[in-house]
There are 2 protein chains.
Amino acid sequence: MSPIRSATAVAHPNIALVKYWGKRDEDLILPFAGSLSLTLDVFPTTTTVTLTPQAPNDSVFIDGTPATGVALRRITAFLDLLRTRTGHQDRARVETHNTVPIGAGLASSAAGFAALALAASTAYDARLDAAGLSRLARRGSGSACRSIFGGFAQWHAASPDSPDPDHASYAEPLHDVHPGLNPALIAVLLQTTPKPISSSEAMHRTVATSPLYRSWLRSTREALPAMRTALTNGDLERVGTIAERNALGMHATMETALPPVRYRTPASLHLLDHIQVMRENGQQVWATMDAGPNIKVLCPAGQAPDVSAELAAISGSQTVIARPGPAATLTARCPR
Amino acid sequence: MSPIRSATAVAHPNIALVKYWGKRDEDLILPFAGSLSLTLDVFPTTTTVTLTPQAPNDSVFIDGTPATGVALRRITAFLDLLRTRTGHQDRARVETHNTVPIGAGLASSAAGFAALALAASTAYDARLDAAGLSRLARRGSGSACRSIFGGFAQWHAASPDSPDPDHASYAEPLHDVHPGLNPALIAVLLQTTPKPISSSEAMHRTVATSPLYRSWLRSTREALPAMRTALTNGDLERVGTIAERNALGMHATMETALPPVRYRTPASLHLLDHIQVMRENGQQVWATMDAGPNIKVLCPAGQAPDVSAELAAISGSQTVIARPGPAATLTARCPR
């Protein structure tokens with residue numbers, strides 16, 4: 001039995017600038033292509049995992065409400081990975097607190113599984129290094145592997161020929177980003193109700209039925225080294241251009257699935273059009289979108305207050321300015 | 001000198017169910033893939049061509065207004081093709097009357113160049129058969145080659161290996177459509193101002209810069225025989241499904257061009273979403289869109305009045321019910 005019986009971790013959502021969309025292994029959560037993201041300094045998720053040796057089952061509380069069904073099974077399966085790995089049999093109590101709406105394309109599952117990976121691996125005394133934590137988080141929700149790290153991080157796809165693709169697929173922080181790059185990412189909260197179709201189901205349908213998927217995948221693979229170069233050069237215009245195009249391509253691709261997956265709402269499109277107009281007027285703003293109607297706008301940090309105010313006025317929606325955020329962090333463990 | 005000095009022709013717009021998007025030869029207007037359309041019975045264009053032996057230049061009047069610039073040059077270049085072919089030197093006066101807004105993605109140029117091809121070839125006594133007329137109309141505006149024919153028509157792409165691709169690329173009417181297929185196409189006129197970017201420029205940009213273009217092209221080539229089979233079988237559900245997917249894919253593809261070409265407005269998206277809901281509620285409705293924000297909805301003719309009323313109520317826009325329309329027709333020639 002480990003001396004540590006309880007641990008609390010905090011993690012932040014990350015927004016991909018080169019997107020993850022499509023699994024080549026749904027069980028191991030291995031992606032078809034690598035991806036690259038920015039971890040934010042807003043919307044943290046705090047998760048406490050406490051081992052409960054007497055309990056017959058895991059219990060999970062999300063924002064105070066007991067989880068059931070798919071959500072519970074997903075977390076139990078995740079804890080099973082750790083139990084198998086460590087030889088522990090104990091069930092656990094998981095309490096998680098989000099500060100962002102769940103299921104609205106605001107990366108709550110990335111922050112959630114990153115925090116859970118860190119808290120649970122500590123509680124179960126799994127002794128993982130950063131790459132190991134990232135691999136573990138990936139098994140909960142693919143993009144969570146990137147929220148283990150602060151700032152910019154890249155998730156490696158792992159070659160299908162790899163002898164151990166599970167081991168080869170994890171995220172790493174980027175250490176060569178130009179120090180002069182000073183970005184902000186403004187989240188425009190157009191709609192914060194849960195999306196009509198889960199990312200997982202949407203990805204699956206896109207891979208299975210979209211005639212455009214292969215082309216988008218190829219373009220994503222090309223976007224990755226281009227994005228790395230743009231980050232190294234501190235060229236925010238290139239970063240934004242590549243990111244916006246990759247995101248629009250991802251949405252275009254899923255909109256051609258059968259039946260179509262359309263996360264973009266009329267309000268999303270209105271704002272996308274306005275962002276294009278802002279850019280034509282000389283402003284440095286680029287859009288990205290995830291599995292939901294909300295829009296995130298990349299801009300130079302110094303211009304974020306003005307851009308944020310304009311986006312709020314145009315959309316009539318709340319905006320939140322985010323900056324590069326920290327790695328997942330352990331905030332408590334007990335007993336020490 | 002031909003005894004015929006003036007001719008008037010009427011032609012109707014056609015809406016592609018498998019789209020034409022992208023030229024492999026911009027001068028000859030040869031497409032990368034074949035396409036398939038339905039000529040409508042609404043929005044006719046009437047064009048009169050009168051030879052003017054004394055005039056130094058062609059004169060063109062569109063809805064009573066003298067054409068200048070690009071519009072004039074495009075029609076003069078078209079008439080030059082006929083003059084070269086027939087040996088005629090005479091300039092001409094062209095008067096055209098549209099019943100549809102120009103440049104709003106309502107196929108005004110298809111109807112316009114089909115009517116012009118028929119009227120001008122008659123005035124210049126070019127003695128073309130239907131395929132020849134279709135080839136000629138193609139040189140004015142690609143999709144015009146399909147408006148030479150009534151009902152469903154297919155435009156052949158012509159193989160790049162063809163010894164004479166100009167000759168091999170023309171439209172033909174389909175004679176094997178199931179007689180029980182009884183479609184209506186409802187145009188929802190969300191916006192009738194000219195589009196911000198011409199189809200021609202949008203196509204060019206899509207081909208040159210969209211990473212999804214090749215995949216869409218492949219899917220279009222596969223859609224053609226599938227659409228033929230669906231038409232032969234009278235399977236409107238298949239026809240609609242293939243058409244909607246092909247159109248959404250075309251828009252998805254152009255939205256990933258650099259800079260993006262986005263014809264879909266928030267109102268378009270709102271209506272697309274509603275059409276999906278109608279379908280989930282059991283209604284037989286499928287959407288298609290061309291180079292503009294307007295939406296055309298395919299449905300069984302018997303349901304068109306109800307569907308049209310619902311679409312008008314939802315969009316707050318005018319709707320027009322179209323049925324399969326006639327071939328381009330000569331309505332007057334002088335002297336006989």
# chains A, B, ... in the order shown; residues from 1 in each chain; ligands from 1
call {"tool": "interface_residues", "arguments": {"of": "chain B", "to": "chain A", "cutoff": "7 Å", "atoms": "only C-alpha atoms", "output": "list in words"}}
result
Pro211, Leu212, Ser215, Trp216, Ser219, Arg245, Leu248, Gly249, Ala252, Thr253, Thr256, Thr265, Pro266, Ala267, Leu269 and His270 of chain B
call {"tool": "select_by_dssp", "arguments": {"residues": "segment 105-286 of chain A", "states": "strand (DSSP E or B)", "output": "ChimeraX atom specification"}}
result
/A:152-155,171-173,183-189,286
call {"tool": "residues_around", "arguments": {"residues": "Leu118 of chain B", "least_positions_apart": "2", "cutoff": "8 Å", "atoms": "only C-alpha atoms", "output": "mmCIF file with N, CA, C and O atoms, in the first residue's frame"}}
result
data_model
loop_
_atom_site.group_PDB
_atom_site.id
_atom_site.type_symbol
_atom_site.label_atom_id
_atom_site.label_comp_id
_atom_site.auth_asym_id
_atom_site.auth_seq_id
_atom_site.Cartn_x
_atom_site.Cartn_y
_atom_site.Cartn_z
ATOM 1 N N ALA B 9 -33.531 34.107 -78.166
ATOM 2 C CA ALA B 9 -33.613 32.798 -77.519
ATOM 3 C C ALA B 9 -33.918 32.961 -76.044
ATOM 4 O O ALA B 9 -33.568 33.975 -75.428
ATOM 5 N N ALA B 114 -26.379 30.349 -72.188
ATOM 6 C CA ALA B 114 -27.113 29.378 -73.012
ATOM 7 C C ALA B 114 -27.996 30.123 -74.007
ATOM 8 O O ALA B 114 -28.036 29.793 -75.202
ATOM 9 N N ALA B 115 -28.696 31.153 -73.523
ATOM 10 C CA ALA B 115 -29.552 31.944 -74.421
ATOM 11 C C ALA B 115 -28.704 32.673 -75.460
ATOM 12 O O ALA B 115 -29.047 32.712 -76.650
ATOM 13 N N LEU B 116 -27.572 33.210 -75.013
ATOM 14 C CA LEU B 116 -26.695 33.928 -75.943
ATOM 15 C C LEU B 116 -26.118 32.979 -76.994
ATOM 16 O O LEU B 116 -26.038 33.325 -78.185
ATOM 17 N N ALA B 120 -27.017 33.906 -80.678
ATOM 18 C CA ALA B 120 -25.889 34.388 -81.486
ATOM 19 C C ALA B 120 -25.523 33.382 -82.575
ATOM 20 O O ALA B 120 -25.221 33.763 -83.713
ATOM 21 N N SER B 121 -25.551 32.088 -82.264
ATOM 22 C CA SER B 121 -25.181 31.109 -83.295
ATOM 23 C C SER B 121 -26.213 31.108 -84.419
ATOM 24 O O SER B 121 -25.879 30.846 -85.569
ATOM 25 N N THR B 122 -27.465 31.440 -84.069
ATOM 26 C CA THR B 122 -28.500 31.544 -85.094
ATOM 27 C C THR B 122 -28.279 32.815 -85.926
ATOM 28 O O THR B 122 -28.307 32.777 -87.153
ATOM 29 N N LEU B 133 -23.839 23.433 -79.730
ATOM 30 C CA LEU B 133 -24.350 24.572 -78.969
ATOM 31 C C LEU B 133 -23.877 24.502 -77.522
ATOM 32 O O LEU B 133 -23.510 25.515 -76.911
ATOM 33 N N ALA B 328 -33.153 25.236 -73.944
ATOM 34 C CA ALA B 328 -33.068 26.572 -74.537
ATOM 35 C C ALA B 328 -33.827 26.556 -75.862
ATOM 36 O O ALA B 328 -33.754 25.588 -76.623
ATOM 37 N N THR B 329 -34.572 27.635 -76.117
ATOM 38 C CA THR B 329 -35.470 27.653 -77.272
ATOM 39 C C THR B 329 -35.317 28.955 -78.045
ATOM 40 O O THR B 329 -35.197 30.028 -77.442
ATOM 41 N N LEU B 330 -35.379 28.842 -79.353
ATOM 42 C CA LEU B 330 -35.370 30.021 -80.198
ATOM 43 C C LEU B 330 -36.801 30.547 -80.255
ATOM 44 O O LEU B 330 -37.727 29.794 -80.580
#
call {"tool": "select_by_dssp", "arguments": {"residues": "segment 71-162 of chain B", "states": "alpha helix (DSSP H)", "output": "number ranges by chain"}}
result
B: 71-86, 108-123, 130-140, 144-147
call {"tool": "closest_residue", "arguments": {"among": "B:Pro173, B:Gly22, B:Pro326, B:Gly132", "to": "Val42 of chain B", "atoms": "only C-alpha atoms"}}
result
B:Pro326
call {"tool": "closest_residue", "arguments": {"among": "A:Thr45, A:Asn294, A:Asn57, A:Ser200", "to": "Ser147 of chain A", "atoms": "only C-alpha atoms"}}
result
A:Thr45
call {"tool": "residues_around", "arguments": {"residues": "Leu17 of chain B", "least_positions_apart": "6", "cutoff": "9 Å", "atoms": "only C-alpha atoms", "output": "list in words"}}
result
Ser35, Leu36, Ser37, Leu38, Met227, Val239, Gly240, Ile242, Ala243, Glu244, Asn246, Ala247 and Thr288 of chain B
call {"tool": "write_last_selection", "arguments": {"atoms": "N, CA and C atoms", "output": "PDB file, in the first residue's frame"}}
result
ATOM      1  N   SER B  35     -20.198  16.939 -64.284  1.00  0.00           N
ATOM      2  CA  SER B  35     -21.218  17.447 -63.359  1.00  0.00           C
ATOM      3  C   SER B  35     -22.588  17.089 -63.907  1.00  0.00           C
ATOM      4  N   LEU B  36     -23.598  17.243 -63.061  1.00  0.00           N
ATOM      5  CA  LEU B  36     -24.946  16.821 -63.442  1.00  0.00           C
ATOM      6  C   LEU B  36     -25.957  17.781 -62.836  1.00  0.00           C
ATOM      7  N   SER B  37     -26.911  18.211 -63.650  1.00  0.00           N
ATOM      8  CA  SER B  37     -27.793  19.293 -63.187  1.00  0.00           C
ATOM      9  C   SER B  37     -29.239  19.075 -63.578  1.00  0.00           C
ATOM     10  N   LEU B  38     -30.063  19.921 -63.000  1.00  0.00           N
ATOM     11  CA  LEU B  38     -31.477  19.991 -63.350  1.00  0.00           C
ATOM     12  C   LEU B  38     -31.751  21.404 -63.856  1.00  0.00           C
ATOM     13  N   MET B 227     -25.084   9.101 -58.745  1.00  0.00           N
ATOM     14  CA  MET B 227     -26.239   9.946 -59.035  1.00  0.00           C
ATOM     15  C   MET B 227     -27.001   9.414 -60.251  1.00  0.00           C
ATOM     16  N   VAL B 239     -30.770  10.588 -54.515  1.00  0.00           N
ATOM     17  CA  VAL B 239     -30.446  11.786 -55.296  1.00  0.00           C
ATOM     18  C   VAL B 239     -30.163  12.959 -54.354  1.00  0.00           C
ATOM     19  N   GLY B 240     -31.060  13.146 -53.383  1.00  0.00           N
ATOM     20  CA  GLY B 240     -30.915  14.260 -52.457  1.00  0.00           C
ATOM     21  C   GLY B 240     -29.702  14.125 -51.560  1.00  0.00           C
ATOM     22  N   ILE B 242     -26.905  12.435 -52.113  1.00  0.00           N
ATOM     23  CA  ILE B 242     -25.672  12.658 -52.881  1.00  0.00           C
ATOM     24  C   ILE B 242     -25.503  14.144 -53.187  1.00  0.00           C
ATOM     25  N   ALA B 243     -26.594  14.781 -53.576  1.00  0.00           N
ATOM     26  CA  ALA B 243     -26.518  16.198 -53.957  1.00  0.00           C
ATOM     27  C   ALA B 243     -26.130  17.072 -52.767  1.00  0.00           C
ATOM     28  N   GLU B 244     -26.755  16.840 -51.628  1.00  0.00           N
ATOM     29  CA  GLU B 244     -26.462  17.685 -50.466  1.00  0.00           C
ATOM     30  C   GLU B 244     -25.010  17.524 -50.033  1.00  0.00           C
ATOM     31  N   ASN B 246     -22.477  16.532 -51.839  1.00  0.00           N
ATOM     32  CA  ASN B 246     -21.564  17.099 -52.825  1.00  0.00           C
ATOM     33  C   ASN B 246     -21.484  18.619 -52.678  1.00  0.00           C
ATOM     34  N   ALA B 247     -22.628  19.249 -52.442  1.00  0.00           N
ATOM     35  CA  ALA B 247     -22.658  20.713 -52.302  1.00  0.00           C
ATOM     36  C   ALA B 247     -21.970  21.161 -51.016  1.00  0.00           C
ATOM     37  N   THR B 288     -29.019  22.142 -51.507  1.00  0.00           N
ATOM     38  CA  THR B 288     -27.831  22.358 -52.321  1.00  0.00           C
ATOM     39  C   THR B 288     -27.587  23.863 -52.385  1.00  0.00           C
TER      40      THR B 288
END
call {"tool": "residues_around", "arguments": {"residues": "Asp306 of chain B", "least_positions_apart": "3", "cutoff": "12 Å", "atoms": "only C-alpha atoms", "output": "JSON list (two decimals) with all heavy atoms, in the first residue's frame"}}
result
[["chain", "number", "residue", "atom", "x", "y", "z"],
["B", 184, "ALA", "N", -39.15, 18.62, -57.09],
["B", 184, "ALA", "CA", -39.22, 20.08, -57.15],
["B", 184, "ALA", "C", -37.94, 20.61, -56.51],
["B", 184, "ALA", "O", -37.32, 19.94, -55.70],
["B", 184, "ALA", "CB", -40.44, 20.60, -56.40],
["B", 186, "ILE", "N", -36.80, 24.05, -54.59],
["B", 186, "ILE", "CA", -37.29, 25.31, -54.03],
["B", 186, "ILE", "C", -36.10, 26.23, -53.77],
["B", 186, "ILE", "O", -35.20, 25.89, -53.02],
["B", 186, "ILE", "CB", -38.05, 25.06, -52.72],
["B", 186, "ILE", "CG1", -39.22, 24.11, -52.98],
["B", 186, "ILE", "CG2", -38.53, 26.38, -52.11],
["B", 186, "ILE", "CD1", -39.84, 23.54, -51.72],
["B", 278, "MET", "N", -35.71, 19.10, -40.29],
["B", 278, "MET", "CA", -36.89, 18.66, -41.04],
["B", 278, "MET", "C", -36.72, 17.21, -41.47],
["B", 278, "MET", "O", -37.65, 16.41, -41.41],
["B", 278, "MET", "CB", -37.09, 19.54, -42.29],
["B", 278, "MET", "CG", -37.56, 20.97, -41.99],
["B", 278, "MET", "SD", -37.55, 22.05, -43.47],
["B", 278, "MET", "CE", -39.06, 21.52, -44.32],
["B", 283, "GLN", "N", -39.23, 14.48, -43.10],
["B", 283, "GLN", "CA", -39.53, 15.14, -44.37],
["B", 283, "GLN", "C", -38.43, 14.84, -45.39],
["B", 283, "GLN", "O", -37.25, 14.71, -45.05],
["B", 283, "GLN", "CB", -39.66, 16.65, -44.16],
["B", 283, "GLN", "CG", -40.94, 17.01, -43.42],
["B", 283, "GLN", "CD", -41.07, 18.51, -43.22],
["B", 283, "GLN", "OE1", -40.63, 19.06, -42.22],
["B", 283, "GLN", "NE2", -41.67, 19.18, -44.19],
["B", 284, "GLN", "N", -38.83, 14.72, -46.63],
["B", 284, "GLN", "CA", -37.88, 14.45, -47.70],
["B", 284, "GLN", "C", -37.39, 15.77, -48.28],
["B", 284, "GLN", "O", -37.97, 16.29, -49.24],
["B", 284, "GLN", "CB", -38.52, 13.59, -48.77],
["B", 284, "GLN", "CG", -38.86, 12.18, -48.28],
["B", 284, "GLN", "CD", -39.31, 11.34, -49.45],
["B", 284, "GLN", "OE1", -40.43, 11.46, -49.93],
["B", 284, "GLN", "NE2", -38.42, 10.50, -49.95],
["B", 285, "VAL", "N", -36.34, 16.30, -47.69],
["B", 285, "VAL", "CA", -35.79, 17.59, -48.12],
["B", 285, "VAL", "C", -34.27, 17.51, -48.07],
["B", 285, "VAL", "O", -33.69, 16.99, -47.12],
["B", 285, "VAL", "CB", -36.26, 18.75, -47.20],
["B", 285, "VAL", "CG1", -37.71, 19.09, -47.46],
["B", 285, "VAL", "CG2", -36.06, 18.40, -45.72],
["B", 299, "CYS", "N", -37.09, 18.39, -53.10],
["B", 299, "CYS", "CA", -38.12, 17.62, -52.38],
["B", 299, "CYS", "C", -39.08, 17.02, -53.40],
["B", 299, "CYS", "O", -39.04, 17.38, -54.58],
["B", 299, "CYS", "CB", -38.87, 18.53, -51.39],
["B", 299, "CYS", "SG", -39.94, 19.75, -52.15],
["B", 300, "PRO", "N", -39.93, 16.09, -52.99],
["B", 300, "PRO", "CA", -40.93, 15.57, -53.92],
["B", 300, "PRO", "C", -41.89, 16.69, -54.33],
["B", 300, "PRO", "O", -42.29, 17.49, -53.47],
["B", 300, "PRO", "CB", -41.66, 14.50, -53.10],
["B", 300, "PRO", "CG", -40.74, 14.18, -51.95],
["B", 300, "PRO", "CD", -40.00, 15.45, -51.67],
["B", 301, "ALA", "N", -42.25, 16.73, -55.60],
["B", 301, "ALA", "CA", -43.08, 17.84, -56.11],
["B", 301, "ALA", "C", -44.36, 18.00, -55.30],
["B", 301, "ALA", "O", -44.79, 19.12, -55.02],
["B", 301, "ALA", "CB", -43.39, 17.63, -57.59],
["B", 302, "GLY", "N", -44.96, 16.89, -54.89],
["B", 302, "GLY", "CA", -46.23, 16.95, -54.16],
["B", 302, "GLY", "C", -46.11, 17.65, -52.81],
["B", 302, "GLY", "O", -47.08, 18.20, -52.29],
["B", 303, "GLN", "N", -44.92, 17.63, -52.26],
["B", 303, "GLN", "CA", -44.74, 18.25, -50.94],
["B", 303, "GLN", "C", -44.21, 19.68, -51.05],
["B", 303, "GLN", "O", -44.04, 20.36, -50.02],
["B", 303, "GLN", "CB", -43.79, 17.40, -50.10],
["B", 303, "GLN", "CG", -44.36, 16.02, -49.81],
["B", 303, "GLN", "CD", -43.34, 15.07, -49.20],
["B", 303, "GLN", "OE1", -42.36, 15.50, -48.61],
["B", 303, "GLN", "NE2", -43.59, 13.77, -49.34],
["B", 309, "ALA", "N", -43.56, 26.73, -47.90],
["B", 309, "ALA", "CA", -44.15, 27.60, -46.87],
["B", 309, "ALA", "C", -43.32, 27.53, -45.59],
["B", 309, "ALA", "O", -43.07, 28.56, -44.94],
["B", 309, "ALA", "CB", -45.59, 27.18, -46.60],
["B", 310, "GLU", "N", -42.89, 26.34, -45.24],
["B", 310, "GLU", "CA", -42.09, 26.19, -44.01],
["B", 310, "GLU", "C", -40.75, 26.91, -44.15],
["B", 310, "GLU", "O", -40.30, 27.60, -43.24],
["B", 310, "GLU", "CB", -41.89, 24.70, -43.70],
["B", 310, "GLU", "CG", -41.02, 24.49, -42.47],
["B", 310, "GLU", "CD", -41.09, 23.08, -41.89],
["B", 310, "GLU", "OE1", -41.91, 22.26, -42.37],
["B", 310, "GLU", "OE2", -40.32, 22.81, -40.94],
["B", 311, "LEU", "N", -40.12, 26.74, -45.31],
["B", 311, "LEU", "CA", -38.82, 27.38, -45.53],
["B", 311, "LEU", "C", -38.95, 28.90, -45.50],
["B", 311, "LEU", "O", -38.09, 29.61, -44.96],
["B", 311, "LEU", "CB", -38.22, 26.93, -46.86],
["B", 311, "LEU", "CG", -37.85, 25.44, -46.96],
["B", 311, "LEU", "CD1", -37.48, 25.08, -48.40],
["B", 311, "LEU", "CD2", -36.70, 25.10, -46.02],
["B", 312, "ALA", "N", -40.04, 29.40, -46.08],
["B", 312, "ALA", "CA", -40.26, 30.86, -46.10],
["B", 312, "ALA", "C", -40.46, 31.37, -44.68],
["B", 312, "ALA", "O", -39.93, 32.42, -44.29],
["B", 312, "ALA", "CB", -41.46, 31.20, -46.98],
["B", 313, "ALA", "N", -41.22, 30.61, -43.88],
["B", 313, "ALA", "CA", -41.49, 31.03, -42.51],
["B", 313, "ALA", "C", -40.21, 31.03, -41.67],
["B", 313, "ALA", "O", -39.96, 31.96, -40.90],
["B", 313, "ALA", "CB", -42.54, 30.12, -41.89],
["B", 319, "THR", "N", -39.48, 32.40, -51.26],
["B", 319, "THR", "CA", -39.14, 31.10, -51.83],
["B", 319, "THR", "C", -39.81, 30.98, -53.19],
["B", 319, "THR", "O", -40.86, 31.57, -53.43],
["B", 319, "THR", "CB", -39.62, 29.94, -50.94],
["B", 319, "THR", "OG1", -41.02, 30.11, -50.69],
["B", 319, "THR", "CG2", -38.88, 29.93, -49.60],
["B", 321, "ILE", "N", -40.80, 27.98, -56.05],
["B", 321, "ILE", "CA", -40.84, 26.55, -56.36],
["B", 321, "ILE", "C", -40.54, 26.35, -57.84],
["B", 321, "ILE", "O", -41.23, 26.90, -58.70],
["B", 321, "ILE", "CB", -42.22, 25.94, -56.04],
["B", 321, "ILE", "CG1", -42.53, 26.10, -54.55],
["B", 321, "ILE", "CG2", -42.26, 24.46, -56.44],
["B", 321, "ILE", "CD1", -43.91, 25.60, -54.15]]
call {"tool": "atom_distance", "arguments": {"atom1": "atom CA of Thr47 of chain B", "atom2": "atom CA of Leu185 of chain B"}}
result
24.5 Å
call {"tool": "atom_distance", "arguments": {"atom1": "atom CA of His178 of chain B", "atom2": "atom CA of His156 of chain B"}}
result
21.0 Å
call {"tool": "residues_around", "arguments": {"residues": "Gly34 of chain B", "least_positions_apart": "5", "cutoff": "7 Å", "atoms": "only C-alpha atoms", "output": "PDB file with N, CA and C atoms, in the first residue's frame"}}
result
ATOM      1  N   TYR B  20     -20.042  21.430 -60.556  1.00  0.00           N
ATOM      2  CA  TYR B  20     -18.853  21.833 -61.319  1.00  0.00           C
ATOM      3  C   TYR B  20     -18.115  22.843 -60.463  1.00  0.00           C
ATOM      4  N   TRP B 155     -22.703  17.053 -67.871  1.00  0.00           N
ATOM      5  CA  TRP B 155     -21.598  17.693 -68.601  1.00  0.00           C
ATOM      6  C   TRP B 155     -20.376  16.787 -68.492  1.00  0.00           C
ATOM      7  N   HIS B 156     -19.858  16.376 -69.621  1.00  0.00           N
ATOM      8  CA  HIS B 156     -18.690  15.502 -69.645  1.00  0.00           C
ATOM      9  C   HIS B 156     -17.406  16.318 -69.476  1.00  0.00           C
ATOM     10  N   ALA B 157     -16.531  15.802 -68.602  1.00  0.00           N
ATOM     11  CA  ALA B 157     -15.303  16.545 -68.303  1.00  0.00           C
ATOM     12  C   ALA B 157     -14.320  16.504 -69.466  1.00  0.00           C
TER      13      ALA B 157
END
call {"tool": "residues_around", "arguments": {"residues": "Asn98 of chain B", "least_positions_apart": "3", "cutoff": "10 Å", "atoms": "only C-alpha atoms", "output": "list of chain:residue names"}}
result
B:Val10, B:Ala11, B:His12, B:Phe43, B:Pro44, B:Thr45, B:Thr46, B:Thr47, B:Ile62, B:Asp63, B:Pro101, B:Ile102, B:Ser108, B:Ser109, B:Ala111, B:Gly112
